[in-house]
Amino acid sequence: RVLFLKTVLTLFCVASLFEANAEIKYTIPVGKFFTYELLRETFQNDFEPLSKLYAERFYDDPMVFKCNRQNFPDLPEWLRFTQRHPYDNGFLYGTPTSPGKTVIEIYAVNRRSYDAARHILVIKATAEKTLPYQAEFFLKLREIEKVLPSSVQGEIKQDVQKLWDTKALEIINITNALDRGGRVPLPLAGHFEGVYVKVGSERYFSDCLMRVTTPEHQKQCKAGDKVKVKVPGGCNFCNIPSNCITWCKTELFDLTKRQPAPPAPAMGSGILEDGGDFSAPESPPSRDFFPDYIVTVIVPLILAIVLCLLLAYIMFGRREGVAKRNARTNQIQLYHHHTIHGNADELRSMAADRGAPPPRSTLPMFNFRSGGGAPDSPSIPLILAQHDPYSDTLPR
Ligand SMILES: *[C@@H]1O[C@H](CO)[C@@H](O)[C@H](O)[C@H]1NC(C)=O
């Protein structure tokens, strides 16, 4: 157990040593586009550091990356990650919006051996003035991963420099059109997701760029795809077709014309100014609540009492009583009724107990030995033919 603990501790120390080594630091200005390419080759060396040297074997493993801000589940808001395929490099990209230090953890998982490696990326953003003139271009024939390598960014920047007629340009933002409501393209050749590139400069827009704002150009764009939008003469600078911009989606932002932010509210002393004595409002005129009381309390109460009395009369006042009813009933009918009750009771007691005495009806009517007569009062015959009031109604 001690040995195991020691091993774990040693591993821990070694791991933390490696971690300290694997820290990559960047200092970038706020408002400028930042790209960091996660090279699979670098991580490959972490996974099999000696295989190249000794086994002379070169692996090209598929890898997936998981990036997050340290001690947080996700990346900071301004930073995005993309990797098209496990055999492609990944990219972290975005534009910091506020100064500060961000620590990013990058985990790489080797899809062949399922080894994992961790790198730490420390990004320090420093405050910088925003560029006053900004323009956004749409590259229709591009995908974000194809634009993020610095060589491609350079090509695009060169084209824009010619268009803007200045060298002092910075790329401010590059975004996938899918992140801005674009549609996923058909999986066919010649269909791309599209990329937005935002560029800023200290210099005012060139004539070429200003043509975007002319009413003529905007009318052409509104007319739709049928009318071929004429590229403003002499302003087409793209050497590589996939870097050509979609003129109708070009937008210019002049931040100098922006309304200055309203001044922050002035803080007072926290004590209200003296506004004279407080005069309480006059009390409202008194109201007569008696009619309301009658309607809401008395009327329902009376109704309830009346209903109660009615119910009591129906339930108790109109009952005949058993004695009165029995007196009115024919004797034979009453007797019949009682025998039915007696028989039902007898059956019930027999059902409850196996050893119950046999029913009286199976006994002989007259038992000579015991001298018993008929079991029940023989004074009432079972059929009273003469006095039966119902016999008249019976069919003869
Ligand atoms: C860059 O573009 C993304 C996506 O449209 C947006 O969320 C972000 O605010 C932009 N950053 C800057 C600095 O403009």
# chains A, B, ... in the order shown; residues from 1 in each chain; ligands from 1
call {"tool": "select_by_dssp", "arguments": {"residues": "region 26-208 of chain A", "states": "alpha helix (DSSP H)", "output": "PyMOL selection string"}}
result
chain A and resi 40-47+144-147+150-164+207-208
call {"tool": "residues_near_ligand", "arguments": {"ligand": "ligand 1", "cutoff": "6 Å", "atoms": "only C-alpha atoms and all ligand atoms", "output": "list of chain:residue names"}}
result
A:Gly31, A:Thr95, A:Thr97, A:Asn173, A:Thr175, A:Arg180
call {"tool": "write_last_selection", "arguments": {"atoms": "C-alpha atoms", "output": "CSV table (one decimal), in the first residue's frame"}}
result
chain,number,residue,atom,x,y,z
A,31,GLY,CA,-9.8,43.8,-30.0
A,95,THR,CA,-11.2,38.4,-30.3
A,97,THR,CA,-13.0,42.1,-25.6
A,173,ASN,CA,-12.7,39.1,-36.2
A,175,THR,CA,-16.5,34.0,-37.8
A,180,ARG,CA,-24.4,34.0,-37.5
call {"tool": "closest_residue", "arguments": {"among": "A:Leu178, A:Lys101, A:Glu320, A:Cys235", "to": "Asp165 (chain A)", "atoms": "only C-alpha atoms"}}
result
A:Cys235
call {"tool": "closest_residue", "arguments": {"among": "A:Val195, A:Lys66, A:Thr213, A:Phe237", "to": "Gln158 (chain A)", "atoms": "only C-alpha atoms"}}
result
A:Phe237
call {"tool": "residues_around", "arguments": {"residues": "region 112-128 of chain A", "least_positions_apart": "3", "cutoff": "6 Å", "atoms": "only C-alpha atoms", "output": "ChimeraX atom specification"}}
result
/A:22-30,99-109
call {"tool": "write_last_selection", "arguments": {"atoms": "C-alpha atoms", "output": "CSV table (one decimal), in the first residue's frame"}}
result
chain,number,residue,atom,x,y,z
A,22,ALA,CA,3.7,22.5,-21.2
A,23,GLU,CA,2.5,26.1,-20.4
A,24,ILE,CA,2.3,28.3,-23.5
A,25,LYS,CA,2.0,32.0,-23.0
A,26,TYR,CA,0.6,34.7,-25.3
A,27,THR,CA,0.2,38.4,-24.9
A,28,ILE,CA,-2.3,39.9,-27.3
A,29,PRO,CA,-4.1,43.3,-27.6
A,30,VAL,CA,-7.8,43.6,-26.9
A,99,PRO,CA,-8.1,43.0,-20.8
A,100,GLY,CA,-7.1,40.2,-18.4
A,101,LYS,CA,-5.5,36.8,-18.1
A,102,THR,CA,-7.2,33.7,-19.3
A,103,VAL,CA,-5.9,30.2,-18.6
A,104,ILE,CA,-7.1,27.6,-21.1
A,105,GLU,CA,-6.7,23.9,-20.6
A,106,ILE,CA,-6.3,21.8,-23.7
A,107,TYR,CA,-6.9,18.1,-23.5
A,108,ALA,CA,-6.0,15.9,-26.5
A,109,VAL,CA,-7.3,12.4,-26.7
call {"tool": "closest_atom_pairs", "arguments": {"of": "region 226-297 of chain A", "to": "region 130-153 of chain A", "cutoff": "9 Å", "atoms": "only C-alpha atoms", "output": "CSV"}}
result
residue,atom,partner,partner_atom,distance
A:Pro241,CA,A:Leu141,CA,8.1
A:Ser242,CA,A:Leu141,CA,5.0
A:Asn243,CA,A:Leu139,CA,6.2
A:Cys244,CA,A:Leu139,CA,6.2
A:Ile245,CA,A:Leu139,CA,4.9
A:Thr246,CA,A:Phe138,CA,5.5
A:Trp247,CA,A:Phe137,CA,7.7
A:Cys248,CA,A:Phe138,CA,8.7
A:Lys249,CA,A:Phe138,CA,6.0
A:Thr250,CA,A:Phe137,CA,4.8
A:Glu251,CA,A:Glu136,CA,5.2
A:Leu252,CA,A:Ala135,CA,4.4
A:Phe253,CA,A:Gln134,CA,5.0
A:Asp254,CA,A:Tyr133,CA,4.9
A:Leu255,CA,A:Pro132,CA,5.0
A:Thr256,CA,A:Pro132,CA,5.9
call {"tool": "closest_atom_pairs", "arguments": {"of": "region 253-347 of chain A", "to": "region 352-358 of chain A", "cutoff": "12 Å", "atoms": "only C-alpha atoms", "output": "Markdown table"}}
result
| residue | atom | partner | partner_atom | distance |
| --- | --- | --- | --- | --- |
| A:Asp345 | CA | A:Ala352 | CA | 10.8 |
| A:Glu346 | CA | A:Ala356 | CA | 9.7 |
| A:Leu347 | CA | A:Ala352 | CA | 8.7 |
call {"tool": "atom_distance", "arguments": {"atom1": "CA of Pro185 (chain A)", "atom2": "CA of Ile156 (chain A)"}}
result
22.5 Å
call {"tool": "select_by_dssp", "arguments": {"residues": "region 84-178 of chain A", "states": "strand (DSSP E)", "output": "JSON, numbers by chain"}}
result
{"A": [90, 91, 92, 93, 94, 100, 101, 102, 103, 104, 105, 106, 107, 108, 109, 110, 116, 117, 118, 119, 120, 121, 122, 123, 124, 125, 126, 133, 134, 135, 136, 137, 138, 139, 169, 170, 171, 172, 173, 174, 175, 176]}
call {"tool": "write_last_selection", "arguments": {"atoms": "N, CA and C atoms", "output": "compact mmCIF listing (two decimals), in the first residue's frame"}}
result
# COMPACT_ATOMS: atom_id res chain seq x y z
N GLY A 90 -6.62 21.37 -34.77
CA GLY A 90 -7.70 22.17 -34.20
C GLY A 90 -7.29 23.63 -34.12
N PHE A 91 -8.27 24.49 -33.94
CA PHE A 91 -7.98 25.92 -33.83
C PHE A 91 -8.74 26.51 -32.67
N LEU A 92 -8.04 27.34 -31.89
CA LEU A 92 -8.70 28.21 -30.92
C LEU A 92 -8.64 29.60 -31.53
N TYR A 93 -9.77 30.28 -31.59
CA TYR A 93 -9.75 31.60 -32.22
C TYR A 93 -10.80 32.50 -31.59
N GLY A 94 -10.57 33.77 -31.73
CA GLY A 94 -11.51 34.73 -31.19
C GLY A 94 -10.85 36.06 -30.95
N GLY A 100 -7.14 41.18 -19.48
CA GLY A 100 -7.13 40.21 -18.38
C GLY A 100 -6.42 38.94 -18.80
N LYS A 101 -6.21 38.07 -17.82
CA LYS A 101 -5.49 36.83 -18.09
C LYS A 101 -6.50 35.68 -18.14
N THR A 102 -6.33 34.83 -19.13
CA THR A 102 -7.21 33.67 -19.26
C THR A 102 -6.32 32.43 -19.35
N VAL A 103 -6.62 31.43 -18.54
CA VAL A 103 -5.87 30.18 -18.60
C VAL A 103 -6.77 29.13 -19.25
N ILE A 104 -6.27 28.58 -20.35
CA ILE A 104 -7.05 27.61 -21.11
C ILE A 104 -6.40 26.24 -20.96
N GLU A 105 -7.20 25.25 -20.65
CA GLU A 105 -6.70 23.86 -20.60
C GLU A 105 -7.06 23.18 -21.91
N ILE A 106 -6.10 22.52 -22.48
CA ILE A 106 -6.35 21.79 -23.72
C ILE A 106 -6.06 20.32 -23.45
N TYR A 107 -7.07 19.50 -23.61
CA TYR A 107 -6.88 18.06 -23.49
C TYR A 107 -6.92 17.47 -24.88
N ALA A 108 -5.94 16.64 -25.18
CA ALA A 108 -5.96 15.93 -26.45
C ALA A 108 -6.13 14.45 -26.14
N VAL A 109 -7.05 13.81 -26.84
CA VAL A 109 -7.26 12.38 -26.66
C VAL A 109 -6.87 11.68 -27.95
N ASN A 110 -5.97 10.74 -27.83
CA ASN A 110 -5.53 9.97 -28.99
C ASN A 110 -6.60 8.93 -29.28
N ALA A 116 -4.19 10.40 -23.18
CA ALA A 116 -4.61 11.80 -23.12
C ALA A 116 -3.43 12.66 -22.72
N ALA A 117 -3.40 13.86 -23.24
CA ALA A 117 -2.34 14.79 -22.88
C ALA A 117 -2.98 16.14 -22.59
N ARG A 118 -2.29 16.90 -21.73
CA ARG A 118 -2.87 18.20 -21.36
C ARG A 118 -1.85 19.29 -21.60
N HIS A 119 -2.30 20.35 -22.22
CA HIS A 119 -1.46 21.54 -22.37
C HIS A 119 -2.20 22.71 -21.74
N ILE A 120 -1.38 23.67 -21.32
CA ILE A 120 -1.97 24.88 -20.72
C ILE A 120 -1.60 26.05 -21.60
N LEU A 121 -2.61 26.86 -21.90
CA LEU A 121 -2.39 28.04 -22.72
C LEU A 121 -2.78 29.26 -21.89
N VAL A 122 -1.83 30.16 -21.72
CA VAL A 122 -2.12 31.36 -20.92
C VAL A 122 -2.20 32.54 -21.88
N ILE A 123 -3.36 33.17 -21.92
CA ILE A 123 -3.55 34.30 -22.83
C ILE A 123 -3.72 35.55 -21.99
N LYS A 124 -2.85 36.50 -22.24
CA LYS A 124 -2.95 37.75 -21.50
C LYS A 124 -3.38 38.82 -22.50
N ALA A 125 -4.50 39.41 -22.24
CA ALA A 125 -5.00 40.45 -23.14
C ALA A 125 -4.68 41.80 -22.54
N THR A 126 -4.11 42.67 -23.35
CA THR A 126 -3.77 44.01 -22.87
C THR A 126 -4.67 45.03 -23.56
N TYR A 133 -12.27 52.72 -37.90
CA TYR A 133 -12.96 52.38 -39.16
C TYR A 133 -12.87 50.88 -39.35
N GLN A 134 -14.01 50.27 -39.47
CA GLN A 134 -14.03 48.81 -39.58
C GLN A 134 -14.91 48.41 -40.77
N ALA A 135 -14.52 47.30 -41.39
CA ALA A 135 -15.31 46.80 -42.52
C ALA A 135 -15.42 45.29 -42.37
N GLU A 136 -16.56 44.78 -42.75
CA GLU A 136 -16.76 43.34 -42.67
C GLU A 136 -17.02 42.78 -44.06
N PHE A 137 -16.31 41.72 -44.37
CA PHE A 137 -16.44 41.10 -45.69
C PHE A 137 -16.94 39.68 -45.52
N PHE A 138 -17.62 39.21 -46.55
CA PHE A 138 -18.12 37.84 -46.52
C PHE A 138 -17.41 37.06 -47.62
N LEU A 139 -16.73 35.99 -47.22
CA LEU A 139 -16.08 35.11 -48.19
C LEU A 139 -16.98 33.89 -48.35
N LEU A 169 -3.55 47.80 -41.36
CA LEU A 169 -4.82 47.07 -41.22
C LEU A 169 -4.66 46.01 -40.15
N GLU A 170 -5.72 45.72 -39.48
CA GLU A 170 -5.71 44.59 -38.54
C GLU A 170 -6.97 43.76 -38.76
N ILE A 171 -6.80 42.46 -38.69
CA ILE A 171 -8.01 41.61 -38.70
C ILE A 171 -8.61 41.64 -37.30
N ILE A 172 -9.87 41.97 -37.22
CA ILE A 172 -10.52 42.11 -35.92
C ILE A 172 -11.29 40.85 -35.55
N ASN A 173 -11.88 40.23 -36.51
CA ASN A 173 -12.73 39.09 -36.18
C ASN A 173 -12.88 38.20 -37.42
N ILE A 174 -12.90 36.91 -37.18
CA ILE A 174 -13.24 35.97 -38.25
C ILE A 174 -14.28 35.04 -37.67
N THR A 175 -15.41 34.92 -38.32
CA THR A 175 -16.46 34.04 -37.79
C THR A 175 -17.03 33.17 -38.87
N ASN A 176 -17.43 32.01 -38.42
CA ASN A 176 -18.12 31.07 -39.27
C ASN A 176 -19.51 31.63 -39.56
